[in-house]
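Novice: Here you go, this is input04.txt (compact mmCIF, C-alpha atoms and all ligand atoms).
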# COMPACT_ATOMS: atom_id res chain seq x y z
CA MET H 25 -20.29 -5.26 122.46
CA GLN H 26 -21.27 -8.19 124.56
CA VAL H 27 -18.39 -9.71 126.50
CA LYS H 28 -18.82 -13.34 127.45
CA PRO H 29 -18.02 -14.32 131.02
CA TYR H 30 -14.71 -16.15 131.47
CA LEU H 31 -16.25 -19.62 131.84
CA ARG H 32 -18.10 -19.25 128.51
CA GLN H 33 -15.10 -17.78 126.73
CA PHE H 34 -12.54 -20.43 127.77
CA PRO H 35 -11.81 -22.86 126.31
CA ASP H 36 -12.64 -21.85 122.71
CA GLU H 37 -14.40 -24.25 120.32
CA THR H 38 -11.22 -26.15 119.59
CA GLY H 39 -10.55 -26.62 123.28
CA HIS H 40 -7.81 -24.00 123.56
CA PHE H 41 -7.00 -21.73 126.46
CA GLY H 42 -4.84 -19.26 124.56
CA ARG H 43 -2.21 -21.48 122.91
CA PHE H 44 -2.65 -24.26 125.51
CA GLY H 45 -4.94 -27.30 125.38
CA GLY H 46 -6.40 -28.70 122.16
CA ALA H 47 -6.77 -32.32 121.10
CA ASP H 48 -3.66 -33.70 119.40
CA VAL H 49 -4.70 -37.36 119.19
CA PRO H 50 -5.05 -40.07 116.51
CA PRO H 51 -8.08 -39.60 114.20
CA GLU H 52 -10.22 -42.32 115.79
CA ILE H 53 -9.78 -40.84 119.29
CA ALA H 54 -10.31 -37.32 117.89
CA ARG H 55 -13.67 -38.41 116.42
CA GLN H 56 -14.80 -39.81 119.76
CA CYS H 57 -13.64 -36.68 121.60
CA GLU H 58 -15.66 -34.50 119.22
CA ARG H 59 -18.75 -36.60 119.86
CA ILE H 60 -18.33 -36.26 123.61
CA ALA H 61 -17.79 -32.51 123.32
CA GLU H 62 -20.97 -32.14 121.31
CA ALA H 63 -22.95 -34.33 123.71
CA TYR H 64 -21.62 -32.52 126.75
CA LEU H 65 -22.38 -29.04 125.39
CA THR H 66 -25.99 -29.96 124.63
CA ILE H 67 -26.93 -32.46 127.37
CA GLY H 68 -24.67 -31.00 130.06
CA ASN H 69 -26.48 -27.65 129.89
CA SER H 70 -29.99 -29.11 129.78
CA TYR H 71 -32.48 -28.57 132.60
CA ASP H 72 -32.87 -32.31 133.27
CA PHE H 73 -29.13 -32.96 133.48
CA VAL H 74 -28.38 -29.98 135.70
CA SER H 75 -31.21 -30.66 138.14
CA GLN H 76 -30.37 -34.38 138.35
CA LEU H 77 -26.73 -33.58 139.08
CA ARG H 78 -27.79 -31.13 141.79
CA GLU H 79 -29.96 -33.83 143.41
CA ILE H 80 -27.06 -36.29 143.34
CA ARG H 81 -24.73 -33.75 144.92
CA ARG H 82 -27.15 -32.98 147.72
CA HIS H 83 -28.45 -36.44 148.59
CA PHE H 84 -25.63 -38.81 147.62
CA GLN H 85 -22.45 -36.77 147.93
CA GLY H 86 -23.52 -34.67 150.92
CA ARG H 87 -23.01 -31.28 149.29
CA PRO H 88 -22.64 -28.45 149.93
CA THR H 89 -19.49 -29.07 151.95
CA PRO H 90 -18.85 -26.35 154.55
CA VAL H 91 -16.38 -23.49 154.60
CA TYR H 92 -14.72 -23.57 158.00
CA TYR H 93 -12.66 -20.89 159.76
CA ALA H 94 -9.52 -22.59 161.12
CA LYS H 95 -9.24 -20.41 164.20
CA ARG H 96 -6.71 -22.39 166.22
CA LEU H 97 -4.40 -22.77 163.22
CA THR H 98 -4.76 -19.04 162.49
CA ASP H 99 -4.11 -18.08 166.14
CA LYS H 100 -1.04 -20.30 166.27
CA ILE H 101 0.49 -18.54 163.25
CA GLY H 102 -0.75 -15.12 164.36
CA GLY H 103 -1.27 -13.81 160.83
CA GLY H 104 -3.81 -13.86 158.01
CA ARG H 105 -7.06 -15.76 158.59
CA ILE H 106 -7.17 -19.28 157.15
CA TYR H 107 -10.47 -20.77 155.94
CA LEU H 108 -10.94 -24.30 154.63
CA LYS H 109 -13.32 -25.49 151.93
CA ARG H 110 -14.02 -28.95 153.31
CA GLU H 111 -13.85 -31.27 150.28
CA ASP H 112 -12.57 -33.91 152.70
CA LEU H 113 -16.24 -34.17 153.78
CA ASN H 114 -17.46 -34.93 150.25
CA HIS H 115 -18.54 -38.61 149.91
CA THR H 116 -15.48 -40.90 149.47
CA GLY H 117 -13.38 -38.24 151.20
CA ALA H 118 -12.09 -36.09 148.34
CA HIS H 119 -13.10 -33.77 145.51
CA LYS H 120 -12.64 -36.37 142.76
CA LEU H 121 -16.21 -37.66 143.06
CA ASN H 122 -17.45 -34.24 141.86
CA HIS H 123 -16.33 -34.85 138.29
CA CYS H 124 -16.80 -38.63 138.38
CA MET H 125 -20.54 -38.25 139.13
CA GLY H 126 -20.82 -35.70 136.32
CA GLU H 127 -18.98 -37.91 133.83
CA ALA H 128 -21.04 -40.95 134.84
CA LEU H 129 -24.32 -39.01 134.56
CA LEU H 130 -23.33 -37.96 131.03
CA ALA H 131 -22.52 -41.60 130.23
CA SER H 132 -25.99 -42.64 131.44
CA TYR H 133 -27.65 -40.01 129.20
CA LEU H 134 -25.67 -41.40 126.27
CA GLY H 135 -26.83 -44.94 127.06
CA LYS H 136 -23.32 -46.20 127.84
CA LYS H 137 -22.96 -49.39 129.83
CA LYS H 138 -19.36 -49.08 130.93
CA LEU H 139 -16.97 -46.50 132.39
CA ILE H 140 -13.28 -46.82 131.59
CA ALA H 141 -10.36 -44.99 133.18
CA GLU H 142 -6.77 -45.28 134.31
CA THR H 143 -5.56 -44.69 137.82
CA GLY H 144 -2.16 -44.11 139.38
CA ALA H 145 -2.49 -43.99 143.14
CA GLY H 146 -6.00 -45.42 142.89
CA GLN H 147 -7.97 -42.39 144.09
CA HIS H 148 -9.58 -41.70 140.72
CA GLY H 149 -10.29 -45.42 140.27
CA VAL H 150 -12.13 -45.55 143.60
CA ALA H 151 -14.15 -42.42 142.84
CA LEU H 152 -15.13 -43.71 139.40
CA ALA H 153 -15.97 -47.18 140.75
CA THR H 154 -18.27 -45.43 143.25
CA ALA H 155 -20.00 -43.50 140.46
CA ALA H 156 -20.36 -46.68 138.37
CA ALA H 157 -21.98 -48.49 141.29
CA TYR H 158 -24.43 -45.60 141.76
CA PHE H 159 -25.50 -45.74 138.11
CA GLY H 160 -25.42 -49.52 137.80
CA MET H 161 -22.69 -49.47 135.15
CA ASP H 162 -19.68 -51.67 134.57
CA CYS H 163 -16.37 -50.12 135.45
CA GLU H 164 -12.94 -50.97 134.10
CA ILE H 165 -9.90 -49.38 135.74
CA HIS H 166 -6.51 -49.74 134.06
CA MET H 167 -3.62 -49.69 136.49
CA GLY H 168 0.11 -50.37 136.17
CA THR H 169 1.24 -53.50 137.99
CA VAL H 170 3.81 -51.42 139.88
CA ASP H 171 1.00 -49.22 141.22
CA ILE H 172 -1.23 -52.22 141.95
CA ALA H 173 1.46 -53.58 144.26
CA LYS H 174 1.92 -50.20 146.01
CA GLN H 175 -1.73 -49.20 146.38
CA HIS H 176 -3.29 -52.38 147.71
CA PRO H 177 -6.06 -50.73 149.81
CA ASN H 178 -7.40 -48.82 146.81
CA VAL H 179 -7.31 -51.93 144.62
CA VAL H 180 -9.40 -53.69 147.28
CA ARG H 181 -11.88 -50.78 147.41
CA MET H 182 -12.34 -50.79 143.64
CA GLU H 183 -13.01 -54.53 143.61
CA ILE H 184 -15.44 -54.31 146.53
CA LEU H 185 -17.30 -51.57 144.63
CA GLY H 186 -17.65 -53.98 141.70
CA ALA H 187 -15.01 -52.57 139.35
CA LYS H 188 -12.64 -54.66 137.26
CA VAL H 189 -8.99 -53.71 137.77
CA VAL H 190 -7.03 -54.35 134.56
CA PRO H 191 -3.30 -54.82 135.25
CA VAL H 192 -0.99 -53.05 132.77
CA THR H 193 2.44 -54.64 132.41
CA ARG H 194 3.98 -52.77 129.45
CA GLY H 195 6.78 -50.16 129.79
CA GLN H 196 7.28 -48.79 133.30
CA ALA H 197 3.93 -50.32 134.29
CA THR H 198 2.74 -47.08 135.93
CA LEU H 199 0.34 -44.24 135.15
CA LYS H 200 1.52 -43.32 131.64
CA GLU H 201 1.08 -46.87 130.32
CA ALA H 202 -2.25 -47.16 132.15
CA VAL H 203 -3.50 -44.07 130.26
CA ASP H 204 -2.57 -45.62 126.90
CA SER H 205 -4.19 -48.91 127.83
CA ALA H 206 -7.42 -47.22 128.98
CA PHE H 207 -7.63 -45.13 125.79
CA GLU H 208 -7.20 -48.27 123.67
CA ALA H 209 -9.97 -50.07 125.56
CA TRP H 210 -12.31 -47.13 125.04
CA VAL H 211 -11.58 -46.69 121.33
CA ALA H 212 -12.13 -50.43 120.84
CA ASP H 213 -15.73 -50.08 122.06
CA PRO H 214 -16.82 -46.42 121.92
CA GLU H 215 -20.51 -47.21 121.44
CA ASN H 216 -20.93 -48.91 124.80
CA SER H 217 -18.26 -47.23 126.93
CA LEU H 218 -17.16 -43.78 128.05
CA TYR H 219 -13.67 -42.80 129.03
CA ALA H 220 -13.72 -40.78 132.25
CA ILE H 221 -10.51 -38.88 132.90
CA GLY H 222 -9.25 -38.15 136.42
CA SER H 223 -8.22 -34.49 136.24
CA VAL H 224 -8.34 -31.35 134.08
CA VAL H 225 -5.94 -32.97 131.61
CA GLY H 226 -6.05 -34.92 128.33
CA PRO H 227 -7.50 -33.83 124.97
CA HIS H 228 -10.49 -31.47 124.67
CA PRO H 229 -13.24 -31.70 125.95
CA PHE H 230 -11.93 -33.36 129.14
CA PRO H 231 -10.18 -30.33 130.73
CA MET H 232 -13.34 -28.27 130.16
CA MET H 233 -15.77 -30.92 131.42
CA VAL H 234 -13.80 -31.69 134.56
CA ARG H 235 -13.29 -27.97 135.32
CA ASP H 236 -17.02 -27.34 134.91
CA PHE H 237 -18.02 -30.28 137.12
CA GLN H 238 -15.47 -29.27 139.77
CA SER H 239 -16.52 -25.60 139.71
CA VAL H 240 -19.30 -26.48 142.15
CA VAL H 241 -16.54 -26.23 144.79
CA GLY H 242 -15.80 -22.61 143.93
CA PHE H 243 -19.41 -21.55 143.40
CA GLU H 244 -20.38 -22.94 146.81
CA ALA H 245 -17.35 -21.43 148.51
CA LYS H 246 -17.97 -18.00 146.98
CA GLU H 247 -21.51 -17.87 148.33
CA GLN H 248 -20.53 -19.36 151.70
CA PHE H 249 -17.60 -17.04 152.24
CA GLN H 250 -19.65 -13.99 151.37
CA GLN H 251 -22.37 -15.12 153.78
CA MET H 252 -19.78 -15.52 156.53
CA MET H 253 -17.73 -12.39 155.93
CA GLY H 254 -19.70 -10.12 153.59
CA VAL H 255 -16.77 -9.90 151.16
CA LEU H 256 -14.73 -12.14 148.87
CA PRO H 257 -11.61 -13.94 150.12
CA ASP H 258 -8.38 -12.07 149.34
CA ASN H 259 -6.42 -15.21 148.48
CA ILE H 260 -7.34 -18.68 147.24
CA VAL H 261 -4.93 -21.57 147.62
CA ALA H 262 -5.08 -25.07 146.13
CA CYS H 263 -2.63 -27.90 145.48
CA VAL H 264 -1.99 -28.90 141.87
CA GLY H 265 -1.38 -32.37 140.50
CA GLY H 266 -3.26 -32.36 137.19
CA GLY H 267 -5.14 -29.40 138.61
CA SER H 268 -8.79 -30.41 139.05
CA ASN H 269 -9.37 -29.27 142.62
CA ALA H 270 -7.54 -26.01 141.89
CA ALA H 271 -9.53 -25.44 138.68
CA GLY H 272 -12.75 -26.09 140.59
CA ILE H 273 -12.16 -23.54 143.32
CA PHE H 274 -10.47 -20.96 141.04
CA ALA H 275 -13.00 -20.96 138.18
CA PRO H 276 -15.72 -18.73 139.68
CA PHE H 277 -13.11 -16.28 141.02
CA VAL H 278 -11.03 -15.72 137.85
CA GLU H 279 -12.74 -12.38 137.15
CA ASP H 280 -12.67 -11.25 140.80
CA PRO H 281 -9.93 -9.36 142.67
CA CYS H 282 -8.63 -12.49 144.44
CA THR H 283 -5.05 -13.79 144.21
CA LEU H 284 -4.99 -17.40 143.04
CA TYR H 285 -2.14 -19.61 144.27
CA ALA H 286 -1.40 -22.95 142.57
CA VAL H 287 0.70 -24.96 145.01
CA GLU H 288 2.97 -27.46 143.27
CA PRO H 289 4.81 -30.31 145.02
CA LEU H 290 8.48 -29.41 145.48
CA GLY H 291 9.19 -32.92 146.76
CA ARG H 292 12.82 -33.45 147.80
CA GLY H 293 14.24 -30.49 145.89
CA ALA H 294 14.86 -28.72 142.59
CA GLU H 295 16.76 -31.51 140.78
CA PRO H 296 14.93 -33.18 137.87
CA GLY H 297 13.06 -36.22 139.18
CA ASP H 298 12.86 -34.87 142.73
CA ASN H 299 9.65 -32.87 142.32
CA ALA H 300 6.55 -32.55 140.14
CA ALA H 301 6.40 -28.76 139.77
CA SER H 302 5.53 -28.34 136.07
CA LEU H 303 4.88 -24.58 136.22
CA ALA H 304 8.01 -23.83 138.25
CA TYR H 305 10.48 -26.08 136.42
CA GLY H 306 8.71 -27.21 133.24
CA HIS H 307 8.70 -26.06 129.62
CA GLU H 308 5.99 -25.70 127.02
CA GLY H 309 5.31 -29.03 125.39
CA ASP H 310 2.81 -31.78 124.70
CA ILE H 311 1.60 -34.64 126.87
CA HIS H 312 -1.39 -37.00 126.62
CA GLY H 313 -2.84 -35.17 123.62
CA PHE H 314 -2.70 -31.54 124.79
CA HIS H 315 -0.32 -28.57 124.87
CA THR H 316 0.78 -27.33 128.30
CA MET H 317 3.74 -26.96 130.68
CA VAL H 318 5.60 -30.27 130.99
CA LEU H 319 8.58 -31.60 132.92
CA THR H 320 10.75 -33.30 130.32
CA ASP H 321 13.94 -35.35 130.29
CA ASP H 322 16.94 -34.88 127.97
CA ASP H 323 15.08 -36.60 125.11
CA GLY H 324 12.12 -34.25 125.47
CA GLU H 325 9.91 -37.02 126.85
CA PRO H 326 7.77 -36.46 129.98
CA SER H 327 10.20 -37.13 132.82
CA ALA H 328 10.00 -39.18 135.99
CA VAL H 329 8.51 -37.10 138.78
CA TYR H 330 8.26 -37.42 142.54
CA SER H 331 6.17 -36.16 145.45
CA ILE H 332 5.39 -37.56 148.89
CA ALA H 333 1.75 -37.20 147.79
CA SER H 334 1.15 -39.71 145.00
CA GLY H 335 -1.87 -37.75 143.75
CA LEU H 336 0.42 -34.86 142.82
CA ASP H 337 3.14 -36.66 140.85
CA TYR H 338 2.09 -35.88 137.28
CA PRO H 339 4.72 -34.44 134.86
CA GLY H 340 2.25 -31.99 133.29
CA VAL H 341 -0.52 -29.64 134.39
CA GLY H 342 -3.98 -28.83 133.04
CA PRO H 343 -3.90 -26.47 130.02
CA GLU H 344 -6.04 -23.86 131.76
CA HIS H 345 -3.48 -23.53 134.56
CA ALA H 346 -0.70 -23.13 131.97
CA TYR H 347 -2.76 -20.36 130.35
CA LEU H 348 -3.59 -18.56 133.61
CA PHE H 349 0.08 -18.84 134.61
CA ASP H 350 1.25 -17.52 131.23
CA THR H 351 -1.07 -14.51 131.46
CA GLY H 352 -0.06 -13.76 135.03
CA ARG H 353 -3.54 -14.43 136.47
CA LEU H 354 -2.35 -17.40 138.51
CA THR H 355 0.55 -17.24 140.94
CA PRO H 356 2.72 -20.36 141.11
CA ALA H 357 3.64 -21.50 144.60
CA GLY H 358 5.11 -24.60 146.18
CA ALA H 359 5.53 -26.74 149.27
CA ASP H 360 8.04 -29.55 149.72
CA ASP H 361 7.62 -32.92 151.45
CA ARG H 362 8.73 -31.65 154.85
CA GLN H 363 6.41 -28.64 154.80
CA ALA H 364 3.53 -30.89 153.78
CA VAL H 365 4.18 -33.27 156.69
CA HIS H 366 4.40 -30.34 159.13
CA ALA H 367 1.07 -29.01 157.85
CA PHE H 368 -0.41 -32.53 158.04
CA TYR H 369 0.38 -32.65 161.76
CA ALA H 370 -0.52 -29.00 162.42
CA LEU H 371 -4.01 -29.38 160.99
CA SER H 372 -4.50 -32.73 162.76
CA ARG H 373 -3.41 -31.42 166.16
CA LEU H 374 -4.85 -27.91 166.07
CA GLU H 375 -8.11 -28.51 164.25
CA GLY H 376 -8.89 -32.22 164.52
CA ILE H 377 -8.75 -32.59 160.74
CA ILE H 378 -6.34 -35.13 159.21
CA PRO H 379 -5.74 -33.89 155.65
CA ALA H 380 -4.66 -35.86 152.60
CA LEU H 381 -0.94 -35.33 151.96
CA GLU H 382 -1.92 -33.65 148.68
CA SER H 383 -4.11 -31.13 150.50
CA ALA H 384 -1.43 -30.68 153.17
CA HIS H 385 0.69 -28.96 150.49
CA ALA H 386 -2.00 -26.28 150.13
CA VAL H 387 -2.29 -25.92 153.91
CA ALA H 388 1.50 -25.59 154.21
CA TYR H 389 1.59 -22.78 151.68
CA ALA H 390 -1.38 -21.05 153.34
CA MET H 391 0.51 -21.11 156.65
CA GLU H 392 3.43 -19.34 154.95
CA LEU H 393 1.14 -16.85 153.25
CA ALA H 394 -0.61 -16.06 156.54
CA GLN H 395 2.70 -14.74 157.84
CA GLN H 396 3.36 -12.67 154.71
CA LYS H 397 -0.15 -11.20 154.58
CA PRO H 398 -1.23 -10.76 158.21
CA HIS H 399 -4.34 -8.69 157.43
CA GLU H 400 -5.78 -10.79 154.62
CA SER H 401 -8.06 -13.82 154.34
CA ILE H 402 -6.91 -17.09 152.78
CA LEU H 403 -9.35 -19.69 151.46
CA VAL H 404 -7.78 -23.14 151.08
CA ASN H 405 -9.29 -25.99 149.09
CA LEU H 406 -8.89 -28.91 151.48
CA SER H 407 -9.18 -31.40 148.63
CA GLY H 408 -9.31 -34.61 150.67
CA ARG H 409 -9.00 -36.42 153.97
CA GLY H 410 -5.88 -38.23 155.09
CA ASP H 411 -7.13 -41.68 156.09
CA LYS H 412 -5.27 -43.16 153.12
CA ASP H 413 -1.99 -41.58 154.33
CA VAL H 414 -1.96 -42.20 158.07
CA ASP H 415 0.05 -45.45 158.04
CA PHE H 416 2.69 -44.04 155.72
CA VAL H 417 3.10 -40.84 157.72
CA TYR H 418 3.08 -42.65 161.06
CA ASP H 419 5.82 -45.07 159.95
CA ASN H 420 8.03 -42.58 158.10
CA TYR H 421 7.48 -39.35 160.04
CA PRO H 422 6.55 -40.55 163.56
CA PRO H 423 4.50 -38.10 165.64
CA GLN H 424 7.03 -38.14 168.46
CA GLN H 425 9.55 -36.44 166.15
CA TRP H 426 7.30 -34.35 163.95
CA ALA H 427 4.38 -33.00 165.90
C1 LIG H 501 -5.96 -36.69 143.21
C2 LIG H 501 -5.91 -35.73 144.30
C3 LIG H 501 -5.31 -34.45 144.14
C4 LIG H 501 -4.62 -34.02 142.88
O1 LIG H 501 -5.43 -33.95 141.75
P1 LIG H 501 -5.87 -32.56 141.12
O2 LIG H 501 -6.48 -32.95 139.83
O3 LIG H 501 -4.65 -31.71 140.96
O4 LIG H 501 -6.83 -31.93 142.05
C5 LIG H 501 -5.36 -33.56 145.20
N1 LIG H 501 -5.93 -33.91 146.38
C6 LIG H 501 -6.49 -35.11 146.58
C7 LIG H 501 -7.09 -35.41 147.91
C8 LIG H 501 -6.49 -36.07 145.55
O5 LIG H 501 -7.05 -37.26 145.75
Show me this structure written as structure tokens.

Specialist:
Amino acid sequence: MQVKPYLRQFPDETGHFGRFGGADVPPEIARQCERIAEAYLTIGNSYDFVSQLREIRRHFQGRPTPVYYAKRLTDKIGGGRIYLKREDLNHTGAHKLNHCMGEALLASYLGKKKLIAETGAGQHGVALATAAAYFGMDCEIHMGTVDIAKQHPNVVRMEILGAKVVPVTRGQATLKEAVDSAFEAWVADPENSLYAIGSVVGPHPFPMMVRDFQSVVGFEAKEQFQQMMGVLPDNIVACVGGGSNAAGIFAPFVEDPCTLYAVEPLGRGAEPGDNAASLAYGHEGDIHGFHTMVLTDDDGEPSAVYSIASGLDYPGVGPEHAYLFDTGRLTPAGADDRQAVHAFYALSRLEGIIPALESAHAVAYAMELAQQKPHESILVNLSGRGDKDVDFVYDNYPPQQWA
């Protein structure tokens, strides 16, 4: 009997990872999702598409990004060896461009003229606006007015890159409403536009497509680590918002003897609304058209969530992570705000690398793990750089008190 490798086996044809995932959306959206799935599975595997994407990664994004041994951080802790996959060195300073370039390339094959998406903190909007500029496409980013006020620098970047930022005023005027608004805009003009989601979330085929595009991170790291050390890493650590950077580095290692740690933001504590740890505190449920682990309020609706890192405050998690968690393949882990800030300063001072606050959660957990497993190696996905966070950290956690 021929056994398919994990990445071909999951998700199944209906977009399920075990009982998680799927596409529970209105009929019109379901039709469009099916068309994208079909297009992705044919075009996305073609020679032309794959070689063009490889060219883009090499010459535009600056890939491969290095794997770096963080010797001074390791020596300071005196435990397990910490290695960093440097996604902070990817063009635009984070991993998000990996799937945005893939989604935009697919859109160009399909003859689309416009990319549509929502954004919360603005990071996905900036990455997609970059991809749209590269391909000469229009770009429409839906964003809650509350977020527009908070994330001014990213709004400016999107506009400079030529994108149109559409303010969303309904409801709480944040990410959830922006998702609805972006979906509506796409379904109103599906012939000319493509919806490009920001993480391994949403209805099938988005979690699969984004995981596949992000898996370049893990495939590179696997080869690089083996070239450096002759073996595989013992542990792999990544922060989890929706879960795209984690899915990307985990995917090629799922069938290997490596422990996979998904680091969720523990925020200010365990009370509802004080964190965004969907695996640790959530329940099985539905959000944005798919079945997964969700943080819900008393009415069963996705609840308000919090993290110091705005890229991590999503009340759900990608369906593949829910599945890997449910089957015991993935180990849930966490870091709170304070640990993330400590790691932010530790990496800055000891290695000369200012990490994104999101990525600092993964570094914080790796520092803890290094003490628990003094003879093992730990590969961290450093998902992004911290330029966007320096003012906030400097003002709220001044270096005189924290470093
Ligand atoms: C958006 C973002 C994240 C969280 O998103 P995932 O889909 O969970 O990876 C993590 N790190 C950085 C730098 C981000 O911009």

Novice: Quick one: residues within 7 Å of ligand LIG 501 (chain H), with all atoms listed in the file, as a list in words?

Specialist: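 Checking all atoms listed in the file against ligand LIG 501 (chain H) at 7 Å gives Ala118, His119, Lys120, Gln147, His148, Gly222, Ser223, Val224, Cys263, Val264, Gly265, Gly266, Gly267, Ser268, Asn269, Ala270, Gly335, Leu336, Ala380, Glu382, Ser383, Ser407, Gly408 and Arg409 of chain H.
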
Novice: With 6 Å as the threshold, what does the neighbourhood of (9.8, -34.7, 139.4) contain in terms of residues, counting all atoms listed in the file? Coordinates are those of the file; answer as an MDAnalysis selection string.

Specialist: chainID H and resid 296:300 328:330

Novice: Considering only C-alpha atoms, can you say which of H:Asn122, H:Ser70, H:Thr143, H:Gln175 comes closest to Val190 in chain H?

Specialist: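 Using only C-alpha atoms, Val190 in chain H sits closest to H:Thr143.
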
Novice: Once 6 Å is added on each side, what centre and edge lengths in Å to one decimal does the axis-aligned box around all listed atoms of range 231-243 of chain H have, as AutoDock Vina command-line options?

Specialist:
--center_x -14.8 --center_y -26.6 --center_z 137.5 --size_x 21.2 --size_y 22.1 --size_z 26.6

Novice: Determine the nearest neighbour of Cys163 in chain H from the options H:Arg87, H:Lys137, H:Arg82, H:Arg96, counting only C-alpha atoms.

Specialist: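 Under the stated criterion, the closest residue is H:Lys137.
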
Novice: When you draw a straight line from CA of Pro51 in chain H to CA of Lys136 in chain H, how long is it in Å?

Specialist: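 Separating CA of Pro51 in chain H from CA of Lys136 in chain H is a distance of 21.5 Å.
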
Novice: I want to know what sits within 9 Å of Thr154 in chain H, based on only C-alpha atoms, with residues of the same chain fewer than 6 positions away left out; could you give that as a list in words?

Specialist: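 With the cut-off at 9 Å, the set is Thr116, Leu121, Cys124, Met125, Met182, Leu185, Gly186 and Ala187 of chain H.
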
Novice: Give me the range 71-182 of chain H side of the contact with range 358-377 of chain H, cut-off 10 Å, one line per residue showing its nearest atom pair and distance in Å at one decimal, counting all atoms listed in the file, sorted by chain and residue number, as a tab-separated table.

Specialist:
residue	atom	partner	partner_atom	distance
H:Tyr93	CA	H:Glu375	CA	9.9
H:Ala94	CA	H:Glu375	CA	6.8
H:Lys95	CA	H:Glu375	CA	8.2
H:Arg96	CA	H:Leu374	CA	5.8
H:Leu97	CA	H:Leu374	CA	5.9
H:Thr98	CA	H:Leu374	CA	9.6
H:Asp99	CA	H:Leu374	CA	9.9
H:Lys100	CA	H:Leu374	CA	8.5
H:Arg110	CA	H:Ile377	CA	9.8
H:Asp112	CA	H:Ile377	CA	9.0

Novice: With a distance cut-off of 9 Å and only C-alpha atoms, select the neighbouring residues of Asp204 in chain H, excluding the residue or stretch itself and same-chain residues fewer than 4 positions from it, and output the selection as an NGL selection string.

Specialist: :H and (142 or 199-200 or 208-209 or 312)

Novice: Need to verify the contact set: Gly340 in chain H, 8 Å, all atoms listed in the file, exclusion of same-chain residues closer than 4 positions in sequence. Can you return it as a list of chain:residue names?

Specialist: H:Gly266, H:Ser302, H:Ile311, H:Thr316, H:Met317, H:Val318, H:Leu319, H:Pro326

Novice: Between H:Pro231, H:Pro29, H:Pro177, H:Pro281, which is the closest to Leu354 in chain H once you count only C-alpha atoms?

Specialist: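 Among the listed residues, H:Pro281 lies closest to Leu354 in chain H.
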